[in-house]
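J.: So I've got this file, model_22.txt, and it contains compact mmCIF, C-alpha atoms (C1' of nucleotides) and all ligand atoms:
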# COMPACT_ATOMS: atom_id res chain seq x y z
CA MET A 1 19.24 16.97 15.91
CA SER A 2 18.68 19.74 13.37
CA LYS A 3 16.53 19.53 10.29
CA ALA A 4 19.63 19.78 8.13
CA LYS A 5 21.15 16.83 9.95
CA THR A 6 17.96 14.81 9.51
CA LYS A 7 18.04 15.51 5.79
CA THR A 8 21.62 14.41 5.36
CA ASP A 9 20.88 11.34 7.47
CA PHE A 10 18.08 10.48 5.09
CA GLN A 11 20.30 11.02 2.05
CA ALA A 12 22.93 8.76 3.59
CA PHE A 13 20.29 6.12 4.29
CA LEU A 14 19.08 6.20 0.71
CA GLN A 15 22.60 5.86 -0.62
CA LYS A 16 23.43 3.01 1.67
CA GLN A 17 20.31 1.11 0.65
CA GLY A 18 20.84 1.68 -3.06
CA LEU A 19 17.77 3.90 -3.19
CA LYS A 20 17.43 7.16 -5.01
CA SER A 21 17.02 10.72 -3.96
CA THR A 22 13.97 12.11 -5.71
CA ARG A 23 12.14 15.40 -5.93
CA GLN A 24 9.10 13.88 -4.20
CA ARG A 25 11.09 12.51 -1.29
CA GLU A 26 12.69 15.88 -0.69
CA ILE A 27 9.36 17.68 -0.79
CA ILE A 28 7.73 15.17 1.51
CA LEU A 29 10.57 15.29 4.00
CA ASP A 30 10.47 19.10 4.06
CA GLU A 31 6.75 19.13 4.71
CA PHE A 32 7.06 16.38 7.29
CA LEU A 33 9.70 18.29 9.23
CA LYS A 34 7.67 21.46 9.01
CA GLY A 35 4.33 19.98 10.05
CA GLY A 36 3.15 19.27 13.57
CA ALA A 37 3.74 16.05 15.43
CA HIS A 38 1.58 12.93 15.13
CA LEU A 39 0.70 13.35 11.47
CA SER A 40 -1.22 10.65 9.67
CA THR A 41 -0.52 9.87 6.05
CA GLU A 42 -3.72 11.61 5.16
CA ASP A 43 -2.78 14.72 7.16
CA LEU A 44 0.49 14.97 5.31
CA TYR A 45 -1.03 14.16 1.94
CA LEU A 46 -3.59 16.93 2.33
CA LYS A 47 -0.93 19.45 3.32
CA LEU A 48 1.24 18.51 0.38
CA ARG A 49 -1.62 18.69 -2.07
CA LYS A 50 -1.91 22.44 -1.76
CA LYS A 51 1.48 23.09 -3.27
CA HIS A 52 2.16 19.79 -4.99
CA PRO A 53 -1.10 18.33 -6.23
CA SER A 54 0.62 15.79 -8.43
CA ILE A 55 2.15 13.83 -5.55
CA GLY A 56 0.20 10.61 -5.08
CA TYR A 57 -1.15 9.12 -1.92
CA ALA A 58 0.87 5.95 -2.35
CA THR A 59 4.08 7.93 -2.57
CA VAL A 60 3.34 9.64 0.73
CA TYR A 61 2.66 6.26 2.33
CA ARG A 62 5.80 4.74 0.97
CA THR A 63 7.90 7.70 1.94
CA LEU A 64 6.65 7.82 5.52
CA ARG A 65 7.42 4.15 5.83
CA LEU A 66 10.90 4.89 4.53
CA PHE A 67 11.34 7.59 7.16
CA ALA A 68 10.45 5.09 9.83
CA GLU A 69 12.84 2.47 8.44
CA CYS A 70 15.55 5.07 8.26
CA GLY A 71 14.90 6.03 11.85
CA ILE A 72 14.14 9.68 11.26
CA ALA A 73 10.48 9.11 12.12
CA GLU A 74 8.53 6.88 14.43
CA ALA A 75 5.17 5.25 13.77
CA ARG A 76 2.46 5.60 16.37
CA ASP A 77 -0.90 3.93 16.62
CA PHE A 78 -3.32 5.60 18.97
CA GLY A 79 -6.08 3.19 18.17
CA ASP A 80 -8.12 5.44 15.92
CA GLY A 81 -7.36 3.31 12.90
CA GLN A 82 -4.69 5.57 11.42
CA THR A 83 -0.96 5.25 11.73
CA ARG A 84 0.64 8.50 12.76
CA TYR A 85 4.26 9.50 12.43
CA GLU A 86 6.37 11.80 14.43
CA SER A 87 9.85 13.06 13.75
CA SER A 88 12.61 11.53 15.83
CA ASP A 89 14.20 14.91 15.34
CA LEU A 90 15.00 16.58 18.65
CA LEU A 91 12.82 14.11 20.44
CA GLU A 92 13.68 12.05 23.39
CA HIS A 93 11.51 9.04 24.03
CA HIS A 94 8.12 10.03 25.41
CA ASP A 95 4.70 8.62 26.04
CA HIS A 96 1.25 10.12 25.48
CA LEU A 97 -1.81 11.43 27.22
CA ILE A 98 -4.69 11.46 24.73
CA CYS A 99 -7.96 13.31 25.19
CA THR A 100 -10.75 11.18 23.80
CA VAL A 101 -13.04 14.19 23.49
CA CYS A 102 -11.00 16.78 21.58
CA GLY A 103 -8.15 14.58 20.37
CA GLN A 104 -5.47 16.67 22.03
CA ILE A 105 -2.24 14.77 22.58
CA ILE A 106 0.13 15.66 25.39
CA GLU A 107 3.58 14.16 25.50
CA PHE A 108 5.24 13.21 28.72
CA GLU A 109 8.22 11.39 30.02
CA GLU A 110 8.40 9.80 33.43
CA PRO A 111 11.79 8.22 34.11
CA GLN A 112 10.49 6.28 37.08
CA ILE A 113 7.93 4.53 34.91
CA GLU A 114 10.66 3.66 32.43
CA LYS A 115 12.77 2.22 35.23
CA LEU A 116 9.90 0.16 36.55
CA GLN A 117 9.29 -1.25 33.09
CA GLU A 118 12.87 -2.44 33.05
CA LYS A 119 12.31 -4.07 36.39
CA VAL A 120 9.17 -5.86 35.19
CA ALA A 121 10.89 -7.04 32.03
CA ARG A 122 13.88 -8.30 33.96
CA ALA A 123 11.64 -10.23 36.31
CA HIS A 124 10.22 -12.10 33.30
CA GLY A 125 13.52 -12.53 31.49
CA PHE A 126 12.32 -10.23 28.71
CA LYS A 127 14.55 -8.10 26.56
CA ILE A 128 12.73 -4.83 25.84
CA VAL A 129 12.87 -3.54 22.30
CA ARG A 130 10.21 -0.86 22.56
CA HIS A 131 7.12 0.02 24.48
CA ARG A 132 4.03 2.15 24.33
CA LEU A 133 2.23 3.77 27.16
CA GLU A 134 -0.90 5.65 26.28
CA ILE A 135 -3.22 7.18 28.81
CA TYR A 136 -6.67 7.96 27.46
CA GLY A 137 -9.04 10.30 29.20
CA GLN A 138 -10.23 13.87 29.28
CA CYS A 139 -8.02 16.92 29.21
CA PRO A 140 -8.69 19.87 31.51
CA ARG A 141 -10.85 21.69 28.97
CA CYS A 142 -12.98 18.65 28.18
CA LYS A 143 -13.44 17.46 31.72
CA PRO A 144 -17.07 17.66 32.87
CA MET B 1 -16.47 -13.12 39.11
CA SER B 2 -17.79 -16.55 38.14
CA LYS B 3 -18.84 -17.63 34.69
CA ALA B 4 -22.40 -17.97 35.89
CA LYS B 5 -22.34 -14.41 37.15
CA THR B 6 -20.92 -13.17 33.87
CA LYS B 7 -23.73 -14.90 32.03
CA THR B 8 -26.45 -13.41 34.17
CA ASP B 9 -24.76 -10.01 33.83
CA PHE B 10 -24.93 -10.39 30.08
CA GLN B 11 -28.58 -11.40 30.20
CA ALA B 12 -29.34 -8.38 32.37
CA PHE B 13 -27.50 -6.14 29.93
CA LEU B 14 -29.49 -7.50 27.00
CA GLN B 15 -32.75 -6.98 28.81
CA LYS B 16 -31.88 -3.47 29.85
CA GLN B 17 -30.96 -2.51 26.28
CA GLY B 18 -34.06 -4.05 24.79
CA LEU B 19 -31.96 -6.70 23.05
CA LYS B 20 -32.74 -10.36 22.80
CA SER B 21 -31.20 -13.46 24.21
CA THR B 22 -30.48 -15.81 21.35
CA ARG B 23 -29.07 -19.27 20.89
CA GLN B 24 -26.04 -17.86 19.06
CA ARG B 25 -25.23 -15.37 21.78
CA GLU B 26 -25.31 -18.09 24.41
CA ILE B 27 -23.08 -20.36 22.38
CA ILE B 28 -20.61 -17.60 21.63
CA LEU B 29 -20.45 -16.50 25.26
CA ASP B 30 -19.86 -20.08 26.40
CA GLU B 31 -17.04 -20.56 23.96
CA PHE B 32 -15.58 -17.16 24.78
CA LEU B 33 -15.49 -17.93 28.49
CA LYS B 34 -13.99 -21.32 27.82
CA GLY B 35 -11.27 -20.17 25.40
CA GLY B 36 -7.91 -18.67 26.27
CA ALA B 37 -7.24 -14.99 26.76
CA HIS B 38 -6.53 -12.52 23.96
CA LEU B 39 -8.77 -14.13 21.36
CA SER B 40 -9.31 -12.45 18.02
CA THR B 41 -12.65 -12.67 16.26
CA GLU B 42 -11.10 -15.13 13.86
CA ASP B 43 -9.75 -17.30 16.69
CA LEU B 44 -13.18 -17.53 18.23
CA TYR B 45 -14.94 -18.02 14.91
CA LEU B 46 -12.69 -20.95 14.06
CA LYS B 47 -13.24 -22.57 17.44
CA LEU B 48 -16.99 -22.18 17.12
CA ARG B 49 -17.06 -23.55 13.61
CA LYS B 50 -16.18 -27.04 14.77
CA LYS B 51 -19.39 -27.53 16.70
CA HIS B 52 -21.55 -24.83 15.19
CA PRO B 53 -20.64 -24.38 11.54
CA SER B 54 -23.73 -22.35 10.80
CA ILE B 55 -22.72 -19.38 12.97
CA GLY B 56 -21.54 -16.56 10.74
CA TYR B 57 -18.45 -14.44 11.04
CA ALA B 58 -20.47 -11.24 11.32
CA THR B 59 -22.38 -12.62 14.27
CA VAL B 60 -19.17 -13.37 16.11
CA TYR B 61 -17.95 -9.84 15.44
CA ARG B 62 -21.17 -8.29 16.58
CA THR B 63 -21.35 -10.43 19.66
CA LEU B 64 -17.80 -9.69 20.77
CA ARG B 65 -18.53 -6.01 20.37
CA LEU B 66 -21.60 -6.51 22.54
CA PHE B 67 -19.50 -8.20 25.20
CA ALA B 68 -17.21 -5.19 25.25
CA GLU B 69 -20.11 -2.74 25.47
CA CYS B 70 -21.60 -4.78 28.25
CA GLY B 71 -18.31 -4.73 30.07
CA ILE B 72 -17.84 -8.48 30.33
CA ALA B 73 -14.95 -8.31 27.83
CA GLU B 74 -12.22 -5.86 26.97
CA ALA B 75 -10.85 -5.10 23.54
CA ARG B 76 -7.09 -5.11 23.03
CA ASP B 77 -5.03 -4.01 20.10
CA PHE B 78 -1.48 -5.29 20.08
CA GLY B 79 -0.73 -3.71 16.75
CA ASP B 80 -0.88 -6.86 14.64
CA GLY B 81 -3.98 -5.64 12.86
CA GLN B 82 -6.47 -7.75 14.77
CA THR B 83 -8.61 -6.73 17.70
CA ARG B 84 -8.38 -9.21 20.52
CA TYR B 85 -10.76 -9.63 23.40
CA GLU B 86 -10.24 -10.86 26.87
CA SER B 87 -12.79 -11.66 29.52
CA SER B 88 -13.11 -9.16 32.36
CA ASP B 89 -14.06 -12.24 34.33
CA LEU B 90 -11.78 -12.77 37.31
CA LEU B 91 -9.32 -10.29 35.89
CA GLU B 92 -7.80 -7.38 37.63
CA HIS B 93 -6.39 -4.70 35.37
CA HIS B 94 -3.09 -5.74 33.87
CA ASP B 95 -0.65 -4.75 31.19
CA HIS B 96 1.28 -6.83 28.66
CA LEU B 97 4.71 -8.02 27.70
CA ILE B 98 4.63 -9.18 24.09
CA CYS B 99 7.30 -11.29 22.41
CA THR B 100 7.70 -10.08 18.85
CA VAL B 101 9.31 -13.36 17.81
CA CYS B 102 6.94 -16.05 19.07
CA GLY B 103 3.92 -13.91 19.91
CA GLN B 104 3.79 -15.02 23.52
CA ILE B 105 1.91 -12.60 25.74
CA ILE B 106 2.71 -12.26 29.42
CA GLU B 107 0.42 -10.29 31.67
CA PHE B 108 1.72 -8.21 34.50
CA GLU B 109 0.58 -5.65 36.97
CA GLU B 110 2.85 -3.12 38.57
CA PRO B 111 1.02 -0.95 41.09
CA GLN B 112 3.82 1.57 41.23
CA ILE B 113 3.51 2.21 37.49
CA GLU B 114 -0.21 2.70 37.92
CA LYS B 115 0.38 5.20 40.69
CA LEU B 116 2.91 7.12 38.64
CA GLN B 117 0.43 7.32 35.78
CA GLU B 118 -2.02 8.94 38.14
CA LYS B 119 0.65 11.39 39.14
CA VAL B 120 1.44 12.27 35.52
CA ALA B 121 -2.24 12.70 34.68
CA ARG B 122 -2.82 14.87 37.70
CA ALA B 123 0.09 17.08 36.77
CA HIS B 124 -1.59 17.75 33.41
CA GLY B 125 -5.10 18.08 34.77
CA PHE B 126 -6.13 14.92 32.93
CA LYS B 127 -8.86 12.59 34.05
CA ILE B 128 -7.79 9.02 33.21
CA VAL B 129 -10.41 6.78 31.66
CA ARG B 130 -8.15 3.94 30.60
CA HIS B 131 -4.60 3.26 29.57
CA ARG B 132 -2.48 0.75 27.75
CA LEU B 133 1.05 -0.21 28.49
CA GLU B 134 2.62 -2.70 26.15
CA ILE B 135 6.21 -3.73 26.26
CA TYR B 136 7.47 -5.38 23.09
CA GLY B 137 10.62 -7.41 22.97
CA GLN B 138 11.95 -10.93 23.18
CA CYS B 139 10.93 -13.50 25.73
CA PRO B 140 13.53 -15.72 27.43
CA ARG B 141 13.20 -18.49 24.85
CA CYS B 142 13.50 -16.15 21.88
CA LYS B 143 16.34 -14.05 23.21
CA PRO B 144 19.54 -14.46 21.20
C1' DG C 1 25.58 14.96 -22.74
C1' DC C 2 24.05 10.19 -23.73
C1' DT C 3 22.96 5.31 -22.48
C1' DC C 4 21.37 1.83 -19.84
C1' DC C 5 19.75 -0.29 -15.77
C1' DC C 6 17.15 -0.10 -12.12
C1' DC C 7 14.38 2.64 -8.95
C1' DT C 8 10.38 5.45 -8.37
C1' DT C 9 6.05 7.30 -9.44
C1' DG C 10 0.85 7.84 -9.78
C1' DA C 11 -3.38 5.58 -10.62
C1' DA C 12 -5.93 1.92 -10.01
C1' DA C 13 -6.65 -2.49 -8.24
C1' DA C 14 -5.94 -5.64 -4.41
C1' DC C 15 -5.88 -6.46 0.51
C1' DG C 16 -7.48 -7.70 5.14
C1' DA C 17 -9.99 -6.53 9.09
C1' DT C 18 -14.22 -4.82 10.17
C1' DT C 19 -18.89 -3.07 9.33
C1' DT C 20 -23.12 -2.64 6.94
C1' DT C 21 -26.97 -4.16 4.16
C1' DC C 22 -30.87 -6.90 3.45
C1' DA C 23 -34.14 -10.53 3.14
C1' DA C 24 -35.28 -14.42 5.88
C1' DT C 25 -35.70 -16.12 10.51
C1' DT C 26 -36.16 -16.02 15.46
C1' DT C 27 -37.51 -13.98 19.77
C1' DA C 28 -40.60 -12.08 23.07
C1' DT C 29 -44.98 -10.27 23.90
C1' DT C 30 -49.95 -10.22 23.26
C1' DA D 1 -51.08 -18.04 16.81
C1' DA D 2 -50.28 -13.25 15.57
C1' DT D 3 -47.48 -9.35 15.83
C1' DA D 4 -43.64 -6.30 16.11
C1' DA D 5 -39.02 -5.88 16.64
C1' DA D 6 -34.46 -7.74 16.95
C1' DT D 7 -31.19 -11.04 14.94
C1' DT D 8 -29.07 -13.82 11.68
C1' DG D 9 -25.89 -15.34 7.70
C1' DA D 10 -24.13 -14.15 3.31
C1' DA D 11 -22.67 -10.89 0.52
C1' DA D 12 -21.40 -6.33 -0.42
C1' DA D 13 -19.40 -2.17 1.31
C1' DT D 14 -15.85 0.47 3.93
C1' DC D 15 -11.53 2.05 5.31
C1' DG D 16 -6.69 2.32 5.91
C1' DT D 17 -3.01 0.41 3.73
C1' DT D 18 -0.26 -2.15 0.27
C1' DT D 19 0.66 -3.90 -4.20
C1' DT D 20 0.70 -3.91 -9.20
C1' DC D 21 2.09 -2.09 -13.39
C1' DA D 22 3.22 0.83 -17.13
C1' DA D 23 5.39 5.15 -17.72
C1' DG D 24 8.86 8.25 -16.12
C1' DG D 25 13.25 9.66 -13.78
C1' DG D 26 18.00 9.17 -11.39
C1' DG D 27 22.69 8.45 -11.73
C1' DA D 28 26.99 5.64 -12.74
C1' DG D 29 29.75 4.88 -16.52
C1' DC D 30 30.76 6.25 -20.97
ZN ZN A 201 7.98 5.36 27.92
ZN ZN A 202 4.53 12.13 20.58
ZN ZN A 203 -1.66 -0.63 33.80
ZN ZN A 204 -4.29 -9.68 29.01
Represent the structure from my file as structure tokens, please.
T.:
Amino acid sequence: MSKAKTKTDFQAFLQKQGLKSTRQREIILDEFLKGGAHLSTEDLYLKLRKKHPSIGYATVYRTLRLFAECGIAEARDFGDGQTRYESSDLLEHHDHLICTVCGQIIEFEEPQIEKLQEKVARAHGFKIVRHRLEIYGQCPRCKP
Amino acid sequence: MSKAKTKTDFQAFLQKQGLKSTRQREIILDEFLKGGAHLSTEDLYLKLRKKHPSIGYATVYRTLRLFAECGIAEARDFGDGQTRYESSDLLEHHDHLICTVCGQIIEFEEPQIEKLQEKVARAHGFKIVRHRLEIYGQCPRCKP
DNA sequence: GCTCCCCTTGAAAACGATTTTCAATTTATT
DNA sequence: AATAAATTGAAAATCGTTTTCAAGGGGAGC
């Protein structure tokens, strides 16, 4: 999915929900799509502040939540006390390897694990809506 | 591991760290070992309050953190904003199926998934310290 | 363009879980 | 019992997040 497509998707979402397209939302979406993956609200707020110091923290929060509701972003919680968001743009589902020393995050996808999850869920009569698999440890550079 | 063993382990831990064995810590450990899995601080605090109304919230927090440091308990975060603890007592490693409707938590263990995680980590030169796999969805009773 | 209704905004206050502070108490050692 | 150090409970502080609210802005209909 291209950035342009994401933007029109967001516009369509706003319209459908009776919400409004605003200058701030456009700016925040642009910066979000530009910035790296796994951004916290604070990360994004600080980036935005350089060019748009008048945009408030609360607006960034609200807008990221909107992105998640709309489906153009996904919320992640890596257990460091901050919610992070990543663009659904281009992304297939993936899980994460997280280095607890330097904070580096590596994305991976292992279809066999996904299949086995289905198997486990089926065995318990569960209907899977979503899942999270996070592997914490040390990356090659931080390994002793 | 038996409860008695867990208790002596905790005593040994306290001694080694230059910490003290107190009435409150004994009471809290007893209640923790008695109570169900996946207890939040609040859960445990409320249980304790019935028999020991003078024990403070902060003490329960601090003591659960101690249990985790000592290794007799493990902290879990299922994303509902509360840290939960479960006893390492008797438990092998396991992962969780969580019903987002009724909150039911089912534990499971799938050795093949564990193996595949090792494989993924190896491929990225990662040394695994711990991991979390949580599958969210609807349990049989809550399925539409 | 103008009007009106409702949505959105930014700042500050409120929130909820957790942590810290601090004076009083308890523990463990002498 | 005396001492030093750790612990306690209550209250205040912290931190990420959410809500409140008055002021400002969007856009459908004129
Ligand atoms: Zn996955
Ligand atoms: Zn990712
Ligand atoms: Zn596992
Ligand atoms: Zn469990």
J.: Which chain C residues have any atom within 9 Å of an atom of chain B, and for each, what is the nearest pair of atoms with distance in Å to one decimal, counting all atoms listed in the file, rows sorted by chain and number, as a Markdown table?
T.:
| residue | atom | partner | partner_atom | distance |
| --- | --- | --- | --- | --- |
| C:DG16 | C1' | B:Gly81 | CA | 8.7 |
| C:DA17 | C1' | B:Gln82 | CA | 6.8 |
| C:DT18 | C1' | B:Tyr61 | CA | 8.2 |
| C:DT19 | C1' | B:Ala58 | CA | 8.6 |
| C:DT26 | C1' | B:Thr22 | CA | 8.2 |
| C:DT27 | C1' | B:Lys20 | CA | 6.7 |
| C:DA28 | C1' | B:Lys20 | CA | 8.1 |
J.: Looking at only C-alpha atoms (C1' of nucleotides), which of B:Gln11, B:Gln17, B:Ser2, B:Ser54 is the one that sits closest to chain D?
T.: B:Ser54
J.: Can you find the residues with an atom no farther than 8 Å from (-3.5, -3.3, 1.6), counting all atoms listed in the file, and report them as a PyMOL selection string?
T.: (chain C and resi 14-16) or (chain D and resi 16-19)
J.: Could you list, as a ChimeraX atom specification, all residues that come within 6 Å of ligand ZN 203 (chain A)? Count only C-alpha atoms (C1' of nucleotides) and all ligand atoms.
T.: /B:94-95,114,133
J.: Box time for segment 18-24 of chain A: axis-aligned, enclosing all its listed atoms, 6 Å extra on each side; report centre and edge lengths in Å to one decimal, as lines of an AutoDock Vina configuration file.
T.:
center_x = 15.0
center_y = 8.5
center_z = -4.5
size_x = 23.7
size_y = 25.7
size_z = 14.9
J.: Atom C1' of DA13 of chain D to atom C1' of DA12 of chain C: how many Å, to one decimal?
T.: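 Pair atom C1' of DA13 of chain D / atom C1' of DA12 of chain C returns 18.1 Å.
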J.: May I ask you to restore N, CA and C atoms in segment 91-119 of chain B and write the result as a PDB file, in the frame of the given file?
T.:
ATOM      1  N   LEU B  91     -10.547 -11.023  36.137  1.00  0.00           N
ATOM      2  CA  LEU B  91      -9.320 -10.290  35.890  1.00  0.00           C
ATOM      3  C   LEU B  91      -9.267  -8.957  36.597  1.00  0.00           C
ATOM      4  N   GLU B  92      -8.146  -8.728  37.214  1.00  0.00           N
ATOM      5  CA  GLU B  92      -7.800  -7.380  37.630  1.00  0.00           C
ATOM      6  C   GLU B  92      -7.198  -6.720  36.400  1.00  0.00           C
ATOM      7  N   HIS B  93      -7.099  -5.398  36.454  1.00  0.00           N
ATOM      8  CA  HIS B  93      -6.390  -4.700  35.370  1.00  0.00           C
ATOM      9  C   HIS B  93      -4.968  -5.238  35.267  1.00  0.00           C
ATOM     10  N   HIS B  94      -4.481  -5.347  34.050  1.00  0.00           N
ATOM     11  CA  HIS B  94      -3.090  -5.740  33.870  1.00  0.00           C
ATOM     12  C   HIS B  94      -2.564  -5.192  32.567  1.00  0.00           C
ATOM     13  N   ASP B  95      -1.274  -5.192  32.422  1.00  0.00           N
ATOM     14  CA  ASP B  95      -0.650  -4.750  31.190  1.00  0.00           C
ATOM     15  C   ASP B  95       0.086  -5.928  30.567  1.00  0.00           C
ATOM     16  N   HIS B  96       0.780  -5.699  29.433  1.00  0.00           N
ATOM     17  CA  HIS B  96       1.280  -6.830  28.660  1.00  0.00           C
ATOM     18  C   HIS B  96       2.737  -6.705  28.226  1.00  0.00           C
ATOM     19  N   LEU B  97       3.395  -7.833  28.308  1.00  0.00           N
ATOM     20  CA  LEU B  97       4.710  -8.020  27.700  1.00  0.00           C
ATOM     21  C   LEU B  97       4.481  -8.885  26.478  1.00  0.00           C
ATOM     22  N   ILE B  98       4.927  -8.442  25.307  1.00  0.00           N
ATOM     23  CA  ILE B  98       4.630  -9.180  24.090  1.00  0.00           C
ATOM     24  C   ILE B  98       5.916  -9.546  23.370  1.00  0.00           C
ATOM     25  N   CYS B  99       6.104 -10.841  23.131  1.00  0.00           N
ATOM     26  CA  CYS B  99       7.300 -11.290  22.410  1.00  0.00           C
ATOM     27  C   CYS B  99       7.066 -11.131  20.915  1.00  0.00           C
ATOM     28  N   THR B 100       7.908 -10.356  20.269  1.00  0.00           N
ATOM     29  CA  THR B 100       7.700 -10.080  18.850  1.00  0.00           C
ATOM     30  C   THR B 100       8.203 -11.222  17.974  1.00  0.00           C
ATOM     31  N   VAL B 101       8.844 -12.212  18.591  1.00  0.00           N
ATOM     32  CA  VAL B 101       9.310 -13.360  17.810  1.00  0.00           C
ATOM     33  C   VAL B 101       8.253 -14.465  17.805  1.00  0.00           C
ATOM     34  N   CYS B 102       7.858 -14.916  19.011  1.00  0.00           N
ATOM     35  CA  CYS B 102       6.940 -16.050  19.070  1.00  0.00           C
ATOM     36  C   CYS B 102       5.493 -15.639  19.361  1.00  0.00           C
ATOM     37  N   GLY B 103       5.288 -14.372  19.664  1.00  0.00           N
ATOM     38  CA  GLY B 103       3.920 -13.910  19.910  1.00  0.00           C
ATOM     39  C   GLY B 103       3.399 -14.155  21.312  1.00  0.00           C
ATOM     40  N   GLN B 104       4.214 -14.766  22.140  1.00  0.00           N
ATOM     41  CA  GLN B 104       3.790 -15.020  23.520  1.00  0.00           C
ATOM     42  C   GLN B 104       3.412 -13.724  24.230  1.00  0.00           C
ATOM     43  N   ILE B 105       2.350 -13.776  24.994  1.00  0.00           N
ATOM     44  CA  ILE B 105       1.910 -12.600  25.740  1.00  0.00           C
ATOM     45  C   ILE B 105       1.934 -12.898  27.231  1.00  0.00           C
ATOM     46  N   ILE B 106       2.656 -12.101  27.974  1.00  0.00           N
ATOM     47  CA  ILE B 106       2.710 -12.260  29.420  1.00  0.00           C
ATOM     48  C   ILE B 106       1.990 -11.074  30.051  1.00  0.00           C
ATOM     49  N   GLU B 107       1.131 -11.369  31.002  1.00  0.00           N
ATOM     50  CA  GLU B 107       0.420 -10.290  31.670  1.00  0.00           C
ATOM     51  C   GLU B 107       1.158  -9.909  32.930  1.00  0.00           C
ATOM     52  N   PHE B 108       1.118  -8.634  33.246  1.00  0.00           N
ATOM     53  CA  PHE B 108       1.720  -8.210  34.500  1.00  0.00           C
ATOM     54  C   PHE B 108       0.940  -7.031  35.064  1.00  0.00           C
ATOM     55  N   GLU B 109       1.226  -6.768  36.287  1.00  0.00           N
ATOM     56  CA  GLU B 109       0.580  -5.650  36.970  1.00  0.00           C
ATOM     57  C   GLU B 109       1.613  -5.061  37.890  1.00  0.00           C
ATOM     58  N   GLU B 110       1.831  -3.777  37.765  1.00  0.00           N
ATOM     59  CA  GLU B 110       2.850  -3.120  38.570  1.00  0.00           C
ATOM     60  C   GLU B 110       2.214  -1.872  39.210  1.00  0.00           C
ATOM     61  N   PRO B 111       1.762  -2.031  40.442  1.00  0.00           N
ATOM     62  CA  PRO B 111       1.020  -0.950  41.090  1.00  0.00           C
ATOM     63  C   PRO B 111       1.759   0.384  41.105  1.00  0.00           C
ATOM     64  N   GLN B 112       3.072   0.313  41.204  1.00  0.00           N
ATOM     65  CA  GLN B 112       3.820   1.570  41.230  1.00  0.00           C
ATOM     66  C   GLN B 112       3.702   2.319  39.912  1.00  0.00           C
ATOM     67  N   ILE B 113       3.690   1.561  38.807  1.00  0.00           N
ATOM     68  CA  ILE B 113       3.510   2.210  37.490  1.00  0.00           C
ATOM     69  C   ILE B 113       2.139   2.863  37.432  1.00  0.00           C
ATOM     70  N   GLU B 114       1.146   2.149  37.924  1.00  0.00           N
ATOM     71  CA  GLU B 114      -0.210   2.700  37.920  1.00  0.00           C
ATOM     72  C   GLU B 114      -0.263   4.003  38.717  1.00  0.00           C
ATOM     73  N   LYS B 115       0.378   3.990  39.858  1.00  0.00           N
ATOM     74  CA  LYS B 115       0.380   5.200  40.690  1.00  0.00           C
ATOM     75  C   LYS B 115       1.049   6.356  39.976  1.00  0.00           C
ATOM     76  N   LEU B 116       2.184   6.054  39.332  1.00  0.00           N
ATOM     77  CA  LEU B 116       2.910   7.120  38.640  1.00  0.00           C
ATOM     78  C   LEU B 116       2.087   7.684  37.483  1.00  0.00           C
ATOM     79  N   GLN B 117       1.299   6.829  36.855  1.00  0.00           N
ATOM     80  CA  GLN B 117       0.430   7.320  35.780  1.00  0.00           C
ATOM     81  C   GLN B 117      -0.565   8.329  36.334  1.00  0.00           C
ATOM     82  N   GLU B 118      -1.098   8.011  37.492  1.00  0.00           N
ATOM     83  CA  GLU B 118      -2.020   8.940  38.140  1.00  0.00           C
ATOM     84  C   GLU B 118      -1.334  10.277  38.378  1.00  0.00           C
ATOM     85  N   LYS B 119      -0.102  10.167  38.825  1.00  0.00           N
ATOM     86  CA  LYS B 119       0.650  11.390  39.140  1.00  0.00           C
ATOM     87  C   LYS B 119       0.830  12.234  37.866  1.00  0.00           C
TER      88      LYS B 119
END
